[in-house]
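Listing of upload00.cif; format and content: mmCIF, C-alpha atoms, pLDDT in the B column; chains and numbers go by the auth columns.
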```
data_data
#
loop_
_atom_site.group_PDB
_atom_site.id
_atom_site.type_symbol
_atom_site.label_atom_id
_atom_site.label_comp_id
_atom_site.label_asym_id
_atom_site.label_seq_id
_atom_site.Cartn_x
_atom_site.Cartn_y
_atom_site.Cartn_z
_atom_site.B_iso_or_equiv
_atom_site.auth_seq_id
_atom_site.auth_asym_id
ATOM 1 C CA MET A 1 -2.833 -46.200 79.834 45.00 1 T
ATOM 2 C CA SER A 2 -1.575 -42.728 80.741 48.00 2 T
ATOM 3 C CA GLN A 3 1.867 -41.422 80.010 56.00 3 T
ATOM 4 C CA GLN A 4 4.676 -41.051 82.503 66.00 4 T
ATOM 5 C CA GLU A 5 7.006 -38.108 82.081 77.00 5 T
ATOM 6 C CA ARG A 6 10.087 -38.850 80.030 83.00 6 T
ATOM 7 C CA THR A 7 13.371 -37.027 79.545 85.00 7 T
ATOM 8 C CA TYR A 8 13.875 -35.060 76.315 90.00 8 T
ATOM 9 C CA LYS A 9 17.302 -34.615 74.741 91.00 9 T
ATOM 10 C CA GLU A 10 18.746 -31.194 73.907 90.00 10 T
ATOM 11 C CA PRO A 11 17.976 -30.073 70.350 91.00 11 T
ATOM 12 C CA GLY A 12 20.693 -29.173 67.874 90.00 12 T
ATOM 13 C CA ILE A 13 20.614 -25.382 67.570 91.00 13 T
ATOM 14 C CA ASN A 14 22.227 -23.432 64.740 92.00 14 T
ATOM 15 C CA MET A 15 22.019 -19.888 63.337 92.00 15 T
ATOM 16 C CA GLU A 16 18.903 -20.666 61.273 91.00 16 T
ATOM 17 C CA THR A 17 16.986 -22.225 64.170 93.00 17 T
ATOM 18 C CA GLU A 18 18.207 -20.110 67.087 94.00 18 T
ATOM 19 C CA ARG A 19 15.132 -17.807 67.016 96.00 19 T
ATOM 20 C CA TYR A 20 12.791 -20.840 66.921 96.00 20 T
ATOM 21 C CA TRP A 21 14.365 -22.325 70.052 96.00 21 T
ATOM 22 C CA GLU A 22 14.428 -18.932 71.743 96.00 22 T
ATOM 23 C CA GLY A 23 10.663 -18.799 71.138 97.00 23 T
ATOM 24 C CA THR A 24 10.065 -22.229 72.650 96.00 24 T
ATOM 25 C CA LYS A 25 11.820 -21.092 75.836 95.00 25 T
ATOM 26 C CA ASN A 26 9.232 -18.294 76.002 95.00 26 T
ATOM 27 C CA GLY A 27 6.302 -20.638 75.361 96.00 27 T
ATOM 28 C CA GLN A 28 5.913 -19.621 71.703 97.00 28 T
ATOM 29 C CA LEU A 29 5.668 -21.893 68.681 97.00 29 T
ATOM 30 C CA LEU A 30 7.307 -19.852 65.927 97.00 30 T
ATOM 31 C CA MET A 31 7.083 -20.613 62.222 96.00 31 T
ATOM 32 C CA LYS A 32 8.701 -19.130 59.131 96.00 32 T
ATOM 33 C CA LYS A 33 6.568 -17.683 56.349 96.00 33 T
ATOM 34 C CA CYS A 34 7.813 -16.716 52.901 97.00 34 T
ATOM 35 C CA ASN A 35 6.917 -13.192 51.829 97.00 35 T
ATOM 36 C CA SER A 36 7.393 -14.129 48.167 97.00 36 T
ATOM 37 C CA CYS A 37 5.101 -17.159 47.825 97.00 37 T
ATOM 38 C CA GLY A 38 3.161 -16.869 51.102 95.00 38 T
ATOM 39 C CA GLU A 39 3.905 -20.432 52.237 95.00 39 T
ATOM 40 C CA THR A 40 4.645 -21.352 55.840 95.00 40 T
ATOM 41 C CA HIS A 41 7.451 -23.855 56.217 94.00 41 T
ATOM 42 C CA PHE A 42 8.761 -26.085 58.968 93.00 42 T
ATOM 43 C CA TYR A 43 11.589 -26.932 59.906 90.00 43 T
ATOM 44 C CA PRO A 44 12.786 -23.310 60.118 91.00 44 T
ATOM 45 C CA ARG A 45 15.373 -22.296 57.564 91.00 45 T
ATOM 46 C CA ALA A 46 16.583 -19.064 56.013 91.00 46 T
ATOM 47 C CA ILE A 47 15.534 -19.924 52.461 94.00 47 T
ATOM 48 C CA CYS A 48 11.972 -20.942 51.526 96.00 48 T
ATOM 49 C CA PRO A 49 11.938 -24.617 50.434 95.00 49 T
ATOM 50 C CA VAL A 50 9.017 -23.890 48.063 95.00 50 T
ATOM 51 C CA CYS A 51 10.291 -20.953 45.953 97.00 51 T
ATOM 52 C CA PHE A 52 13.877 -20.570 47.273 97.00 52 T
ATOM 53 C CA SER A 53 13.356 -16.934 48.293 97.00 53 T
ATOM 54 C CA SER A 54 15.338 -15.563 51.225 96.00 54 T
ATOM 55 C CA ASP A 55 12.514 -13.099 51.997 97.00 55 T
ATOM 56 C CA THR A 56 11.119 -14.966 55.008 96.00 56 T
ATOM 57 C CA GLU A 57 9.860 -13.827 58.408 96.00 57 T
ATOM 58 C CA TRP A 58 9.022 -15.319 61.785 97.00 58 T
ATOM 59 C CA TYR A 59 5.507 -15.361 63.219 97.00 59 T
ATOM 60 C CA GLU A 60 3.796 -17.048 66.138 97.00 60 T
ATOM 61 C CA ALA A 61 1.741 -20.075 65.108 97.00 61 T
ATOM 62 C CA SER A 62 -1.646 -20.816 66.658 97.00 62 T
ATOM 63 C CA GLY A 63 -0.326 -23.962 68.338 97.00 63 T
ATOM 64 C CA LYS A 64 -3.466 -25.825 67.202 98.00 64 T
ATOM 65 C CA GLY A 65 -3.610 -28.785 64.861 98.00 65 T
ATOM 66 C CA LYS A 66 -4.746 -32.348 64.265 98.00 66 T
ATOM 67 C CA ILE A 67 -3.034 -35.700 64.559 98.00 67 T
ATOM 68 C CA TYR A 68 -2.034 -36.879 61.081 98.00 68 T
ATOM 69 C CA SER A 69 -0.430 -40.146 62.197 98.00 69 T
ATOM 70 C CA TYR A 70 0.874 -41.659 65.418 98.00 70 T
ATOM 71 C CA SER A 71 2.538 -44.658 67.000 97.00 71 T
ATOM 72 C CA ILE A 72 2.476 -45.732 70.629 96.00 72 T
ATOM 73 C CA MET A 73 5.891 -46.873 71.839 94.00 73 T
ATOM 74 C CA ARG A 74 4.763 -49.331 74.517 91.00 74 T
ATOM 75 C CA ARG A 75 8.032 -51.307 74.758 92.00 75 T
ATOM 76 C CA SER A 76 10.067 -48.267 75.713 89.00 76 T
ATOM 77 C CA GLU A 77 11.268 -47.972 79.310 90.00 77 T
ATOM 78 C CA ILE A 78 8.760 -45.131 79.650 91.00 78 T
ATOM 79 C CA PRO A 79 6.004 -45.648 77.039 93.00 79 T
ATOM 80 C CA TYR A 80 5.151 -42.617 74.894 94.00 80 T
ATOM 81 C CA VAL A 81 3.247 -41.484 71.799 96.00 81 T
ATOM 82 C CA MET A 82 5.186 -40.257 68.785 96.00 82 T
ATOM 83 C CA ALA A 83 3.033 -38.409 66.241 98.00 83 T
ATOM 84 C CA TYR A 84 2.905 -36.253 63.165 98.00 84 T
ATOM 85 C CA VAL A 85 0.710 -33.235 63.807 98.00 85 T
ATOM 86 C CA THR A 86 -0.577 -31.038 60.997 98.00 86 T
ATOM 87 C CA LEU A 87 -0.865 -27.502 62.313 98.00 87 T
ATOM 88 C CA ASP A 88 -3.692 -25.140 61.349 97.00 88 T
ATOM 89 C CA GLU A 89 -0.987 -23.230 59.437 96.00 89 T
ATOM 90 C CA GLY A 90 -0.640 -26.209 57.068 95.00 90 T
ATOM 91 C CA VAL A 91 2.743 -27.633 58.045 96.00 91 T
ATOM 92 C CA THR A 92 3.277 -31.053 59.592 97.00 92 T
ATOM 93 C CA MET A 93 5.747 -31.665 62.387 97.00 93 T
ATOM 94 C CA MET A 94 6.963 -34.734 64.256 97.00 94 T
ATOM 95 C CA THR A 95 6.305 -34.492 67.985 97.00 95 T
ATOM 96 C CA ASN A 96 5.088 -36.317 71.078 96.00 96 T
ATOM 97 C CA ILE A 97 1.563 -36.416 72.472 97.00 97 T
ATOM 98 C CA VAL A 98 1.567 -35.805 76.237 95.00 98 T
ATOM 99 C CA GLU A 99 -0.952 -35.480 79.072 94.00 99 T
ATOM 100 C CA SER A 100 -3.308 -37.818 77.222 92.00 100 T
ATOM 101 C CA ASP A 101 -4.539 -41.364 77.720 93.00 101 T
ATOM 102 C CA PHE A 102 -3.069 -43.612 75.034 93.00 102 T
ATOM 103 C CA ASP A 103 -6.524 -45.002 74.208 93.00 103 T
ATOM 104 C CA ASP A 104 -7.831 -41.479 73.440 96.00 104 T
ATOM 105 C CA VAL A 105 -5.163 -40.719 70.823 97.00 105 T
ATOM 106 C CA LYS A 106 -6.673 -41.047 67.327 97.00 106 T
ATOM 107 C CA ILE A 107 -5.959 -39.765 63.822 98.00 107 T
ATOM 108 C CA GLY A 108 -7.835 -36.507 63.246 98.00 108 T
ATOM 109 C CA LYS A 109 -8.066 -35.581 66.939 98.00 109 T
ATOM 110 C CA ALA A 110 -7.516 -31.902 67.735 98.00 110 T
ATOM 111 C CA VAL A 111 -4.349 -31.053 69.664 98.00 111 T
ATOM 112 C CA GLU A 112 -2.709 -27.970 71.148 98.00 112 T
ATOM 113 C CA VAL A 113 0.916 -27.177 71.839 98.00 113 T
ATOM 114 C CA THR A 114 2.515 -27.293 75.257 97.00 114 T
ATOM 115 C CA PHE A 115 6.207 -27.341 76.160 97.00 115 T
ATOM 116 C CA ARG A 116 8.551 -29.664 78.040 95.00 116 T
ATOM 117 C CA LYS A 117 12.014 -28.940 79.397 94.00 117 T
ATOM 118 C CA THR A 118 14.920 -30.820 77.873 93.00 118 T
ATOM 119 C CA GLU A 119 17.931 -32.289 79.671 90.00 119 T
ATOM 120 C CA GLY A 120 19.573 -28.873 79.511 87.00 120 T
ATOM 121 C CA ASN A 121 17.770 -25.552 79.706 86.00 121 T
ATOM 122 C CA GLN A 122 15.792 -25.702 76.461 93.00 122 T
ATOM 123 C CA SER A 123 12.059 -26.186 75.854 95.00 123 T
ATOM 124 C CA LEU A 124 10.597 -28.602 73.343 95.00 124 T
ATOM 125 C CA PRO A 125 7.155 -28.188 71.732 97.00 125 T
ATOM 126 C CA VAL A 126 4.915 -31.224 72.293 97.00 126 T
ATOM 127 C CA PHE A 127 1.151 -31.554 71.969 98.00 127 T
ATOM 128 C CA ARG A 128 -1.814 -32.645 74.091 97.00 128 T
ATOM 129 C CA LEU A 129 -5.343 -33.533 73.095 97.00 129 T
ATOM 130 C CA CYS A 130 -7.778 -30.622 73.225 95.00 130 T
ATOM 131 C CA LYS A 131 -10.468 -30.983 75.846 81.00 131 T
#
```

Go ahead and express the file in the form of structure tokens.
Amino acid sequence: MSQQERTYKEPGINMETERYWEGTKNGQLLMKKCNSCGETHFYPRAICPVCFSSDTEWYEASGKGKIYSYSIMRRSEIPYVMAYVTLDEGVTMMTNIVESDFDDVKIGKAVEVTFRKTEGNQSLPVFRLCK
């Protein structure tokens, strides 16, 4: 079964995440990396959750990863796939899998980022199976 397009709600944007959401509008998946310990972290925040340093910087992620876990929401008005994707950068994020047949979605499958518009004027990173 293929997916129909669904509507995505506006994200909550604050001072720490403003640059992240600005990037998604421009088709970029931005991550934060700590200059002290070298770890990438997601969800974006000013202070590194690993070593608590405030010496962090933005960079553009590859947008590539693998499905860590997923669930198909078939009873929803518009069925969809919710998934955890582990990016090549090492962080895991909750997202949706789009443009893919439900039967093709499997743990360990390679995915790449794409973006969907929200109810307002924002863009949300989602993923599709690599071809």

Could you give me, as a list of chain:residue names, the residues that have an atom at most 10 Å away from the point (9.1, -30.0, 56.1) in the coordinates of the file, using only C-alpha atoms? T:Thr40, T:His41, T:Phe42, T:Tyr43, T:Pro44, T:Pro49, T:Val91, T:Thr92, T:Met93, T:Met94

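Between CA of Val81 (chain T) and CA of Ile97 (chain T) lies a distance of 5.4 Å.
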
Apply the PyMOL selection byres ((chain T and resi 64-77) around 7) to the structure shown and report the selected residues as a ChimeraX atom specification. /T:62-63,78-88,107-113

Please write out, as lines of an AutoDock Vina configuration file, where the centre of an axis-aligned box around all listed atoms of region 105-114 of chain T lies and how long its edges are, in Å to one decimal, after adding 5 Å on each side.
```
center_x = -2.8
center_y = -34.1
center_z = 69.3
size_x = 20.6
size_y = 23.9
size_z = 22.0
```

What lies within 12 Å of Asn121 (chain T) using all atoms listed in the file, ignoring chain neighbours under 5 positions off, as a list in words?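 Contacts, with the query itself left out: Tyr8, Lys9, Glu10, Pro11, Trp21, Glu22, Thr24, Lys25, Asn26 and Arg116 of chain T.
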
In Å, how far is it from CA of Thr56 (chain T) to CA of Asn96 (chain T)?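 Computed distance, CA of Thr56 (chain T) to CA of Asn96 (chain T), equals 27.4 Å.
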
Would you tabulate, counting all atoms listed in the file, all residues of region 43-116 of chain T that have an atom at most 6 Å from an atom of region 28-31 of chain T, showing the closest pair of atoms and their distance in Å to one decimal, sorted by chain then ascending number, as a tab-separated table?
```
residue	atom	partner	partner_atom	distance
T:Trp58	CA	T:Met31	CA	5.7
T:Tyr59	CA	T:Leu30	CA	5.5
T:Glu60	CA	T:Leu30	CA	4.5
T:Ala61	CA	T:Leu29	CA	5.6
```

With C-alpha atoms retained, export the selected residues as a compact mmCIF listing (two decimals), keeping the file's coordinate frame.
```txt
# COMPACT_ATOMS: atom_id res chain seq x y z
CA TRP T 58 9.02 -15.32 61.78
CA TYR T 59 5.51 -15.36 63.22
CA GLU T 60 3.80 -17.05 66.14
CA ALA T 61 1.74 -20.08 65.11
```

Work out how far CA of Gly12 (chain T) is from CA of Glu99 (chain T), in Å to one decimal. 25.2 Å

Out of T:Lys106, T:Lys117, T:Lys131, T:Arg19, which residue has the shortest atom-to-atom distance to Thr7 (chain T) when counting all atoms listed in the file? T:Lys117

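Remark: for Thr114 (chain T), the closest of the candidate residues T:Leu129, T:Ala46, T:Ile13, T:Cys37 is T:Leu129 (distances computed over only C-alpha atoms).
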
Which residue, T:Glu89, T:Cys51, T:Asn35, T:Gln122, has the smallest gap to Tyr20 (chain T) when you use all atoms listed in the file?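 Smallest distance to Tyr20 (chain T) is found for T:Gln122.
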
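Distance check against Met15 (chain T) using only C-alpha atoms: of T:Val50, T:Lys32, T:Cys130, T:Arg45, the minimum falls on T:Arg45.
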
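With distances restricted to only C-alpha atoms, T:Cys34 is the closest residue to Glu57 (chain T) from T:Glu18, T:Asp101, T:Cys34, T:Glu39.
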
Please return region 25-42 of chain T, rebuilt to N, CA and C atoms, as a tab-separated table (two decimals), in the coordinates of the input.
```
chain	number	residue	atom	x	y	z
T	25	LYS	N	11.50	-21.41	74.43
T	25	LYS	CA	11.82	-21.09	75.84
T	25	LYS	C	10.80	-20.12	76.42
T	26	ASN	N	10.22	-19.28	75.56
T	26	ASN	CA	9.23	-18.29	76.00
T	26	ASN	C	7.80	-18.78	75.80
T	27	GLY	N	7.64	-20.08	75.53
T	27	GLY	CA	6.30	-20.64	75.36
T	27	GLY	C	5.63	-20.25	74.05
T	28	GLN	N	6.44	-19.98	73.02
T	28	GLN	CA	5.91	-19.62	71.70
T	28	GLN	C	6.32	-20.67	70.67
T	29	LEU	N	5.37	-21.03	69.80
T	29	LEU	CA	5.67	-21.89	68.68
T	29	LEU	C	5.80	-20.99	67.46
T	30	LEU	N	7.04	-20.76	67.04
T	30	LEU	CA	7.31	-19.85	65.93
T	30	LEU	C	7.47	-20.62	64.63
T	31	MET	N	6.96	-20.05	63.56
T	31	MET	CA	7.08	-20.61	62.22
T	31	MET	C	7.71	-19.57	61.31
T	32	LYS	N	8.17	-20.02	60.16
T	32	LYS	CA	8.70	-19.13	59.13
T	32	LYS	C	7.70	-19.08	57.98
T	33	LYS	N	7.44	-17.88	57.49
T	33	LYS	CA	6.57	-17.68	56.35
T	33	LYS	C	7.34	-16.94	55.27
T	34	CYS	N	7.15	-17.35	54.03
T	34	CYS	CA	7.81	-16.72	52.90
T	34	CYS	C	6.99	-15.53	52.43
T	35	ASN	N	7.61	-14.38	52.32
T	35	ASN	CA	6.92	-13.19	51.83
T	35	ASN	C	6.75	-13.20	50.32
T	36	SER	N	7.50	-14.06	49.63
T	36	SER	CA	7.39	-14.13	48.17
T	36	SER	C	6.23	-15.01	47.72
T	37	CYS	N	6.16	-16.23	48.26
T	37	CYS	CA	5.10	-17.16	47.82
T	37	CYS	C	3.98	-17.32	48.85
T	38	GLY	N	4.19	-16.81	50.07
T	38	GLY	CA	3.16	-16.87	51.10
T	38	GLY	C	3.08	-18.17	51.87
T	39	GLU	N	3.96	-19.12	51.58
T	39	GLU	CA	3.90	-20.43	52.24
T	39	GLU	C	4.62	-20.43	53.59
T	40	THR	N	4.00	-21.10	54.55
T	40	THR	CA	4.64	-21.35	55.84
T	40	THR	C	5.47	-22.62	55.68
T	41	HIS	N	6.64	-22.64	56.28
T	41	HIS	CA	7.45	-23.86	56.22
T	41	HIS	C	8.01	-24.22	57.59
T	42	PHE	N	8.18	-25.52	57.77
T	42	PHE	CA	8.76	-26.08	58.97
T	42	PHE	C	9.59	-27.26	58.49
```
